[in-house]
Each structure stands twice: as C-alpha cells, then as structure tokens.
file start_31.pdb (PDB, C-alpha atoms and all ligand atoms)
MODEL        1
ATOM      1  CA  MET E  22      20.371 -36.175 -53.210  1.00  0.00           C
ATOM      2  CA  GLU E  23      20.248 -39.423 -51.284  1.00  0.00           C
ATOM      3  CA  CYS E  24      20.717 -37.448 -48.084  1.00  0.00           C
ATOM      4  CA  GLU E  25      17.826 -35.188 -48.971  1.00  0.00           C
ATOM      5  CA  LYS E  26      15.550 -38.199 -49.486  1.00  0.00           C
ATOM      6  CA  ILE E  27      16.566 -39.718 -46.186  1.00  0.00           C
ATOM      7  CA  ARG E  28      15.967 -36.427 -44.368  1.00  0.00           C
ATOM      8  CA  THR E  29      12.508 -36.038 -45.904  1.00  0.00           C
ATOM      9  CA  GLN E  30      11.707 -39.608 -44.934  1.00  0.00           C
ATOM     10  CA  ILE E  31      12.863 -39.005 -41.349  1.00  0.00           C
ATOM     11  CA  GLU E  32      10.795 -35.821 -41.108  1.00  0.00           C
ATOM     12  CA  ARG E  33       7.721 -37.693 -42.356  1.00  0.00           C
ATOM     13  CA  ILE E  34       8.211 -40.445 -39.783  1.00  0.00           C
ATOM     14  CA  GLN E  35       8.865 -37.933 -37.044  1.00  0.00           C
ATOM     15  CA  SER E  36       5.734 -36.014 -37.848  1.00  0.00           C
ATOM     16  CA  LYS E  37       3.655 -39.223 -37.810  1.00  0.00           C
ATOM     17  CA  LEU E  38       5.187 -40.305 -34.543  1.00  0.00           C
ATOM     18  CA  GLY E  39       4.824 -36.849 -33.156  1.00  0.00           C
ATOM     19  CA  GLU E  40       1.161 -36.342 -33.935  1.00  0.00           C
ATOM     20  CA  PRO E  41      -0.528 -38.564 -31.363  1.00  0.00           C
ATOM     21  CA  GLU E  42       2.145 -37.747 -28.807  1.00  0.00           C
ATOM     22  CA  ASN E  43       1.649 -34.011 -29.333  1.00  0.00           C
ATOM     23  CA  LYS E  44      -2.059 -34.334 -28.900  1.00  0.00           C
ATOM     24  CA  GLN E  45      -1.547 -36.306 -25.745  1.00  0.00           C
ATOM     25  CA  VAL E  46       0.990 -33.813 -24.444  1.00  0.00           C
ATOM     26  CA  GLU E  47      -1.372 -31.001 -25.375  1.00  0.00           C
ATOM     27  CA  SER E  48      -4.233 -32.524 -23.465  1.00  0.00           C
ATOM     28  CA  GLU E  49      -2.000 -33.306 -20.482  1.00  0.00           C
ATOM     29  CA  ARG E  50      -0.772 -29.716 -20.507  1.00  0.00           C
ATOM     30  CA  SER E  51      -4.265 -28.325 -20.581  1.00  0.00           C
ATOM     31  CA  GLY E  52      -5.256 -30.687 -17.752  1.00  0.00           C
ATOM     32  CA  MET E  53      -2.272 -29.478 -15.710  1.00  0.00           C
ATOM     33  CA  ALA E  54      -3.132 -25.848 -16.425  1.00  0.00           C
ATOM     34  CA  ASP E  55      -6.701 -26.427 -15.195  1.00  0.00           C
ATOM     35  CA  THR E  56      -5.408 -28.081 -12.038  1.00  0.00           C
ATOM     36  CA  LEU E  57      -2.967 -25.215 -11.472  1.00  0.00           C
ATOM     37  CA  ASP E  58      -5.707 -22.614 -12.023  1.00  0.00           C
ATOM     38  CA  GLU E  59      -7.905 -24.453  -9.569  1.00  0.00           C
ATOM     39  CA  PHE E  60      -5.072 -24.647  -7.048  1.00  0.00           C
ATOM     40  CA  VAL E  61      -4.287 -20.923  -7.370  1.00  0.00           C
ATOM     41  CA  LYS E  62      -7.982 -20.039  -7.071  1.00  0.00           C
ATOM     42  CA  ASN E  63      -8.362 -22.145  -3.936  1.00  0.00           C
ATOM     43  CA  LEU E  64      -5.203 -20.659  -2.462  1.00  0.00           C
ATOM     44  CA  GLN E  65      -6.430 -17.126  -3.175  1.00  0.00           C
ATOM     45  CA  ASN E  66      -9.783 -17.861  -1.567  1.00  0.00           C
ATOM     46  CA  GLN E  67      -8.060 -19.371   1.440  1.00  0.00           C
ATOM     47  CA  ILE E  68      -5.841 -16.272   1.829  1.00  0.00           C
ATOM     48  CA  LEU E  69      -8.863 -13.987   1.501  1.00  0.00           C
ATOM     49  CA  ASP E  70     -10.845 -15.976   4.075  1.00  0.00           C
ATOM     50  CA  GLU E  71      -7.948 -16.041   6.531  1.00  0.00           C
ATOM     51  CA  THR E  72      -7.274 -12.317   6.058  1.00  0.00           C
ATOM     52  CA  ARG E  73     -10.929 -11.426   6.577  1.00  0.00           C
ATOM     53  CA  ALA E  74     -11.014 -13.580   9.721  1.00  0.00           C
ATOM     54  CA  ALA E  75      -7.817 -11.973  11.070  1.00  0.00           C
ATOM     55  CA  TYR E  76      -8.628  -8.345  10.175  1.00  0.00           C
ATOM     56  CA  GLY E  77     -12.381  -8.167  10.503  1.00  0.00           C
ATOM     57  CA  ASP E  78     -14.575  -6.805   7.749  1.00  0.00           C
ATOM     58  CA  THR E  79     -13.719  -3.067   7.919  1.00  0.00           C
ATOM     59  CA  ALA E  80      -9.971  -3.539   7.752  1.00  0.00           C
ATOM     60  CA  PHE E  81     -10.357  -6.355   5.233  1.00  0.00           C
ATOM     61  CA  GLN E  82     -12.219  -4.072   2.810  1.00  0.00           C
ATOM     62  CA  ARG E  83      -9.473  -1.462   3.194  1.00  0.00           C
ATOM     63  CA  TRP E  84      -6.832  -4.148   2.680  1.00  0.00           C
ATOM     64  CA  LEU E  85      -8.525  -5.070  -0.593  1.00  0.00           C
ATOM     65  CA  LYS E  86      -8.855  -1.451  -1.661  1.00  0.00           C
ATOM     66  CA  PRO E  87      -6.571   0.960   0.211  1.00  0.00           C
ATOM     67  CA  LEU E  88      -7.759   4.561   0.023  1.00  0.00           C
ATOM     68  CA  TYR E  89      -5.519   7.651   0.078  1.00  0.00           C
ATOM     69  CA  ALA E  90      -2.422   5.803  -1.115  1.00  0.00           C
ATOM     70  CA  GLY E  91       0.133   7.854  -3.003  1.00  0.00           C
ATOM     71  CA  ILE E  92       2.677  10.599  -2.756  1.00  0.00           C
ATOM     72  CA  MET E  93       2.233  14.357  -2.898  1.00  0.00           C
ATOM     73  CA  ASP E  94       4.408  17.034  -4.436  1.00  0.00           C
ATOM     74  CA  SER E  95       5.125  20.031  -2.223  1.00  0.00           C
ATOM     75  CA  ALA E  96       3.213  18.773   0.810  1.00  0.00           C
ATOM     76  CA  ASP E  97       2.678  21.311   3.605  1.00  0.00           C
ATOM     77  CA  GLY E  98       3.554  18.603   6.100  1.00  0.00           C
ATOM     78  CA  TYR E  99       5.590  15.477   5.503  1.00  0.00           C
ATOM     79  CA  GLY E 100       6.434  12.672   7.899  1.00  0.00           C
ATOM     80  CA  ARG E 101       8.546   9.600   7.318  1.00  0.00           C
ATOM     81  CA  VAL E 102       9.104   7.142  10.104  1.00  0.00           C
ATOM     82  CA  PRO E 103      10.970   3.825   9.917  1.00  0.00           C
ATOM     83  CA  GLY E 104       9.411   1.203  12.158  1.00  0.00           C
ATOM     84  CA  SER E 105      11.299  -1.200  14.378  1.00  0.00           C
ATOM     85  CA  CYS E 106      10.136  -3.941  11.979  1.00  0.00           C
ATOM     86  CA  GLY E 107      12.158  -2.335   9.187  1.00  0.00           C
ATOM     87  CA  ASP E 108       9.155  -0.960   7.301  1.00  0.00           C
ATOM     88  CA  THR E 109       8.721   2.710   6.578  1.00  0.00           C
ATOM     89  CA  MET E 110       5.581   4.836   6.617  1.00  0.00           C
ATOM     90  CA  GLU E 111       5.241   8.211   4.939  1.00  0.00           C
ATOM     91  CA  ILE E 112       2.394  10.699   5.372  1.00  0.00           C
ATOM     92  CA  PHE E 113       1.777  13.779   3.239  1.00  0.00           C
ATOM     93  CA  LEU E 114      -0.527  16.604   4.323  1.00  0.00           C
ATOM     94  CA  LYS E 115      -1.947  19.506   2.377  1.00  0.00           C
ATOM     95  CA  PHE E 116      -3.664  22.236   4.404  1.00  0.00           C
ATOM     96  CA  GLU E 117      -6.213  24.807   3.435  1.00  0.00           C
ATOM     97  CA  GLU E 118      -7.448  27.478   5.837  1.00  0.00           C
ATOM     98  CA  GLY E 119      -5.834  25.691   8.742  1.00  0.00           C
ATOM     99  CA  ARG E 120      -7.360  22.279   8.064  1.00  0.00           C
ATOM    100  CA  VAL E 121      -6.165  19.198   6.210  1.00  0.00           C
ATOM    101  CA  LYS E 122      -7.529  19.347   2.705  1.00  0.00           C
ATOM    102  CA  LYS E 123      -5.730  16.259   1.484  1.00  0.00           C
ATOM    103  CA  ALA E 124      -3.768  13.478   3.164  1.00  0.00           C
ATOM    104  CA  LEU E 125      -1.932  10.608   1.504  1.00  0.00           C
ATOM    105  CA  PHE E 126       0.223   7.783   2.755  1.00  0.00           C
ATOM    106  CA  GLN E 127       2.857   5.488   1.348  1.00  0.00           C
ATOM    107  CA  THR E 128       4.459   2.452   2.913  1.00  0.00           C
ATOM    108  CA  ASP E 129       6.768  -0.353   1.910  1.00  0.00           C
ATOM    109  CA  GLY E 130       5.376  -2.445   4.740  1.00  0.00           C
ATOM    110  CA  CYS E 131       2.918  -5.277   5.166  1.00  0.00           C
ATOM    111  CA  GLY E 132      -0.820  -5.363   4.480  1.00  0.00           C
ATOM    112  CA  SER E 133      -1.558  -4.119   7.998  1.00  0.00           C
ATOM    113  CA  SER E 134       0.653  -1.080   7.572  1.00  0.00           C
ATOM    114  CA  THR E 135      -1.206  -0.277   4.348  1.00  0.00           C
ATOM    115  CA  VAL E 136      -4.544  -0.535   6.152  1.00  0.00           C
ATOM    116  CA  CYS E 137      -3.286   1.632   9.033  1.00  0.00           C
ATOM    117  CA  GLY E 138      -1.722   4.249   6.742  1.00  0.00           C
ATOM    118  CA  SER E 139      -4.959   4.418   4.824  1.00  0.00           C
ATOM    119  CA  PHE E 140      -7.032   4.985   7.983  1.00  0.00           C
ATOM    120  CA  ALA E 141      -4.539   7.512   9.352  1.00  0.00           C
ATOM    121  CA  ALA E 142      -4.850   9.527   6.134  1.00  0.00           C
ATOM    122  CA  GLU E 143      -8.623   9.216   6.166  1.00  0.00           C
ATOM    123  CA  LEU E 144      -8.873  10.362   9.780  1.00  0.00           C
ATOM    124  CA  ALA E 145      -6.636  13.347   9.044  1.00  0.00           C
ATOM    125  CA  HIS E 146      -8.959  14.812   6.404  1.00  0.00           C
ATOM    126  CA  GLY E 147     -10.680  18.001   7.516  1.00  0.00           C
ATOM    127  CA  LYS E 148      -8.794  18.177  10.818  1.00  0.00           C
ATOM    128  CA  ALA E 149      -7.104  21.189  12.356  1.00  0.00           C
ATOM    129  CA  PRO E 150      -3.694  20.696  14.052  1.00  0.00           C
ATOM    130  CA  ASP E 151      -5.196  20.399  17.552  1.00  0.00           C
ATOM    131  CA  GLU E 152      -7.492  17.638  16.288  1.00  0.00           C
ATOM    132  CA  LEU E 153      -4.706  15.855  14.438  1.00  0.00           C
ATOM    133  CA  VAL E 154      -2.778  15.307  17.664  1.00  0.00           C
ATOM    134  CA  GLU E 155      -5.673  13.157  18.837  1.00  0.00           C
ATOM    135  CA  ILE E 156      -5.102  10.623  16.063  1.00  0.00           C
ATOM    136  CA  THR E 157      -3.162   8.001  17.953  1.00  0.00           C
ATOM    137  CA  GLY E 158      -2.343   4.384  17.277  1.00  0.00           C
ATOM    138  CA  GLU E 159      -5.195   3.348  19.592  1.00  0.00           C
ATOM    139  CA  ARG E 160      -7.626   5.544  17.688  1.00  0.00           C
ATOM    140  CA  ILE E 161      -6.608   4.001  14.378  1.00  0.00           C
ATOM    141  CA  LEU E 162      -6.992   0.514  15.840  1.00  0.00           C
ATOM    142  CA  ASN E 163     -10.454   1.403  17.152  1.00  0.00           C
ATOM    143  CA  VAL E 164     -11.610   2.752  13.827  1.00  0.00           C
ATOM    144  CA  LEU E 165     -10.422  -0.231  11.860  1.00  0.00           C
ATOM    145  CA  GLY E 166     -11.827  -2.671  14.373  1.00  0.00           C
ATOM    146  CA  GLY E 167      -8.552  -4.023  15.780  1.00  0.00           C
ATOM    147  CA  LEU E 168      -5.677  -6.021  14.359  1.00  0.00           C
ATOM    148  CA  PRO E 169      -3.924  -9.233  15.356  1.00  0.00           C
ATOM    149  CA  LYS E 170      -1.657  -8.422  18.316  1.00  0.00           C
ATOM    150  CA  GLU E 171       1.577  -8.915  16.411  1.00  0.00           C
ATOM    151  CA  GLU E 172       0.499  -6.337  13.821  1.00  0.00           C
ATOM    152  CA  GLN E 173      -0.849  -3.617  16.081  1.00  0.00           C
ATOM    153  CA  HIS E 174       2.448  -1.740  15.922  1.00  0.00           C
ATOM    154  CA  CYS E 175       1.549  -0.840  12.305  1.00  0.00           C
ATOM    155  CA  ALA E 176      -1.184   1.478  13.656  1.00  0.00           C
ATOM    156  CA  PHE E 177       1.327   3.204  15.949  1.00  0.00           C
ATOM    157  CA  LEU E 178       3.759   3.597  13.057  1.00  0.00           C
ATOM    158  CA  ALA E 179       1.020   5.246  10.970  1.00  0.00           C
ATOM    159  CA  ALA E 180       0.071   7.563  13.860  1.00  0.00           C
ATOM    160  CA  GLU E 181       3.682   8.460  14.501  1.00  0.00           C
ATOM    161  CA  SER E 182       4.213   9.321  10.836  1.00  0.00           C
ATOM    162  CA  LEU E 183       1.101  11.474  10.890  1.00  0.00           C
ATOM    163  CA  GLN E 184       2.371  13.331  13.963  1.00  0.00           C
ATOM    164  CA  GLU E 185       5.710  13.775  12.231  1.00  0.00           C
ATOM    165  CA  ALA E 186       3.931  15.310   9.229  1.00  0.00           C
ATOM    166  CA  LEU E 187       1.993  17.603  11.569  1.00  0.00           C
ATOM    167  CA  ASN E 188       5.204  18.584  13.289  1.00  0.00           C
ATOM    168  CA  ASP E 189       6.772  19.428   9.946  1.00  0.00           C
ATOM    169  CA  TYR E 190       3.742  21.585   9.093  1.00  0.00           C
ATOM    170  CA  MET E 191       3.889  23.405  12.428  1.00  0.00           C
ATOM    171  CA  ILE E 192       7.601  24.129  12.038  1.00  0.00           C
ATOM    172  CA  LYS E 193       7.023  25.517   8.544  1.00  0.00           C
ATOM    173  CA  GLN E 194       4.116  27.616   9.788  1.00  0.00           C
ATOM    174  CA  ALA E 195       6.157  29.022  12.665  1.00  0.00           C
ATOM    175  CA  LYS E 196       8.981  29.857  10.284  1.00  0.00           C
ATOM    176  CA  LYS E 197       6.565  31.513   7.893  1.00  0.00           C
ATOM    177  CA  GLU E 198       5.062  33.629  10.679  1.00  0.00           C
ATOM    178  CA  ARG E 199       8.501  34.575  11.953  1.00  0.00           C
ATOM    179  CA  ASP E 200       9.627  35.557   8.460  1.00  0.00           C
ATOM    180  CA  GLU E 201       6.502  37.625   7.963  1.00  0.00           C
ATOM    181  CA  SER E 202       6.739  39.364  11.328  1.00  0.00           C
ATOM    182  CA  GLY E 203      10.435  39.983  10.734  1.00  0.00           C
ATOM    183  CA  LYS E 204       9.852  41.855   7.523  1.00  0.00           C
ATOM    184  CA  PRO E 205      11.374  45.329   7.650  1.00  0.00           C
ATOM    185  CA  CYS E 206       8.712  47.910   8.554  1.00  0.00           C
ATOM    186  CA  ALA E 207       8.176  51.058   6.559  1.00  0.00           C
ATOM    187  CA  LYS E 208      10.534  53.750   7.850  1.00  0.00           C
ATOM    188  CA  LYS E 209       9.035  56.050  10.479  1.00  0.00           C
ATOM    189  CA  ARG E 210       9.691  59.699  10.122  1.00  0.00           C
TER     190      ARG E 210
HETATM  191  S1  LIG K 301       4.607  -1.847   9.651  1.00  0.00           S
HETATM  192 FE1  LIG K 301       6.090  -3.346   9.897  1.00  0.00          FE
HETATM  193  S2  LIG K 301       4.966  -5.165   9.997  1.00  0.00           S
HETATM  194 FE2  LIG K 301       3.516  -3.654   9.556  1.00  0.00          FE
ENDMDL
END
call {"tool": "encode", "arguments": {"input": "start_31.pdb", "output": "structure tokens"}}
result
Amino acid sequence: MECEKIRTQIERIQSKLGEPENKQVESERSGMADTLDEFVKNLQNQILDETRAAYGDTAFQRWLKPLYAGIMDSADGYGRVPGSCGDTMEIFLKFEEGRVKKALFQTDGCGSSTVCGSFAAELAHGKAPDELVEITGERILNVLGGLPKEEQHCAFLAAESLQEALNDYMIKQAKKERDESGKPCAKKR
C-alpha cells in the first residue's frame, strides 16, 4: 500500500515536472520541423534551378514529366542496350500498317537517360522503318536542345536501343515473310 502511494506521488511529480518541459520540447520540435521543411524546400528549388540551367527548358520539362515511359507486352520490336556507364535502356515498339503506332522506353539510368529515352520514343511515333534509322543520338540531342557534355552519351544509348528494337522488328518481319512464303502450295495436278 505504501509503495502504491509512493508511486502515485512520483507520477504526480513527474507529470508536473514534465509539463513545461514537454511544451518546450514540443515547440522546439515544431521549430526544427519548420527549419527542416524550409531547408528541404530551398534544396529542391536549388536542384530544380540547376537542372533547368543545365538541361535547358525543353529537356527540363521532360525531366519533370517524362512521356512514353513504361513497358509493353508482346512488342513487335524490343531493344535493350546496356551503356558503358552501367545503365540500361529498353525500347518497345508496336507497329501498325508498317509504322510505329506506339513506342515506350524504360531505363534504370540517370535523369538524362530518362529524358533521352522519352524523346527517342516520341520521335519514333508514326515512323516507318526507313525513317526510324534516321533517329540518331545527334538527332535526339538536337530535339531536346542539347545536354551537358558528360551526359550526351545518354542520347546515343537511347538511339542505339531504338535501333536495336527496329532490328528486332525487321528480323521478326523477315521471318514472318519467309514462313508465309514457305507455306506448302496447293498440289498441282
Ligand atoms: S545513361 Fe548512363 S549516365 Fe545516363
């Protein structure tokens, strides 16, 4: 019983002692959270400003919102190329009546590779095979308005993956044509 009384007394004292301290801690915590939020916001703005300055506006917008990202089931043409930097780019093509109806890209690489994959896929839309071969790394760089020198290889990786996907499509087409032409003819009498 005595123990119970002592414990209650201790709890009462602790709660009294704790009150002002808790409030102070609370307000310090909220002050720290505000400072941290402010810091993160400033850092984000700084990254955005630096990225816009490095990429230019066209590529920057695509960096913020990459178009044509994703994977495709049963693509007519598929290309996957690992870059010398260790990143990989994949391009998926769907054809209709000899032209690209849909193109998607996927990469595990940097922001520049995302921008380049996105432009490679965009440029591929509506193109016939002989037009697709004209989509080179230089062309991608021109369309997106250039990249910092050390990241230009991302455009060549995207172009190479696109050409790989085209190659895959052409091989499948040739096989299809060969299979069709090799079908046994009706017996002549
Ligand atoms: S693709 Fe490797 S750094 Fe961009």
call {"tool": "resolve_selection", "arguments": {"input": "start_31.pdb", "expression": "the PyMOL selection byres (((chain E and resi 168) around 10) and not hetatm)", "output": "NGL selection string"}}
result
:E and (75-77 or 80 or 133 or 136-137 or 162-163 or 165-167 or 169-176)
call {"tool": "residues_around", "arguments": {"input": "start_31.pdb", "residues": "stretch 93-106 of chain E", "least_positions_apart": "5", "cutoff": "12 Å", "atoms": "only C-alpha atoms", "output": "number ranges by chain"}}
result
E: 111-117, 119-131, 134, 138, 142, 145, 150, 171-194, 197
call {"tool": "atom_distance", "arguments": {"input": "start_31.pdb", "atom1": "atom CA of E:Gly91", "atom2": "atom CA of E:Gly132"}}
result
15.2 Å
call {"tool": "atom_distance", "arguments": {"input": "start_31.pdb", "atom1": "atom CA of E:Leu144", "atom2": "atom CA of E:Glu159"}}
result
12.6 Å
call {"tool": "closest_residue", "arguments": {"input": "start_31.pdb", "among": "E:Asp55, E:Glu198, E:Glu155, E:Asp108", "to": "ligand LIG 301 (chain K)", "atoms": "all atoms listed in the file"}}
result
E:Asp108
call {"tool": "axis_aligned_box", "arguments": {"input": "start_31.pdb", "around": "stretch 75-93 of chain E", "padding_each_side": "5 Å", "output": "lines of an AutoDock Vina configuration file"}}
result
center_x = -5.9
center_y = 1.2
center_z = 4.0
size_x = 27.3
size_y = 36.3
size_z = 24.1
call {"tool": "closest_residue", "arguments": {"input": "start_31.pdb", "among": "E:Gly203, E:Gly147, E:Gly52, E:Gly107", "to": "ligand LIG 301 (chain K)", "atoms": "only C-alpha atoms and all ligand atoms"}}
result
E:Gly107
call {"tool": "closest_residue", "arguments": {"input": "start_31.pdb", "among": "E:Thr157, E:Thr109, E:Lys62, E:Glu152", "to": "ligand LIG 301 (chain K)", "atoms": "only C-alpha atoms and all ligand atoms"}}
result
E:Thr109
call {"tool": "closest_residue", "arguments": {"input": "start_31.pdb", "among": "E:Asp151, E:Ala74, E:Phe81, E:Ile156", "to": "E:Thr135", "atoms": "only C-alpha atoms"}}
result
E:Phe81
call {"tool": "atom_distance", "arguments": {"input": "start_31.pdb", "atom1": "atom CA of E:Lys148", "atom2": "atom CA of E:Glu118"}}
result
10.6 Å
call {"tool": "closest_residue", "arguments": {"input": "start_31.pdb", "among": "E:Val46, E:Leu57, E:Ile92, E:Met110", "to": "ligand LIG 301 (chain K)", "atoms": "all atoms listed in the file"}}
result
E:Met110
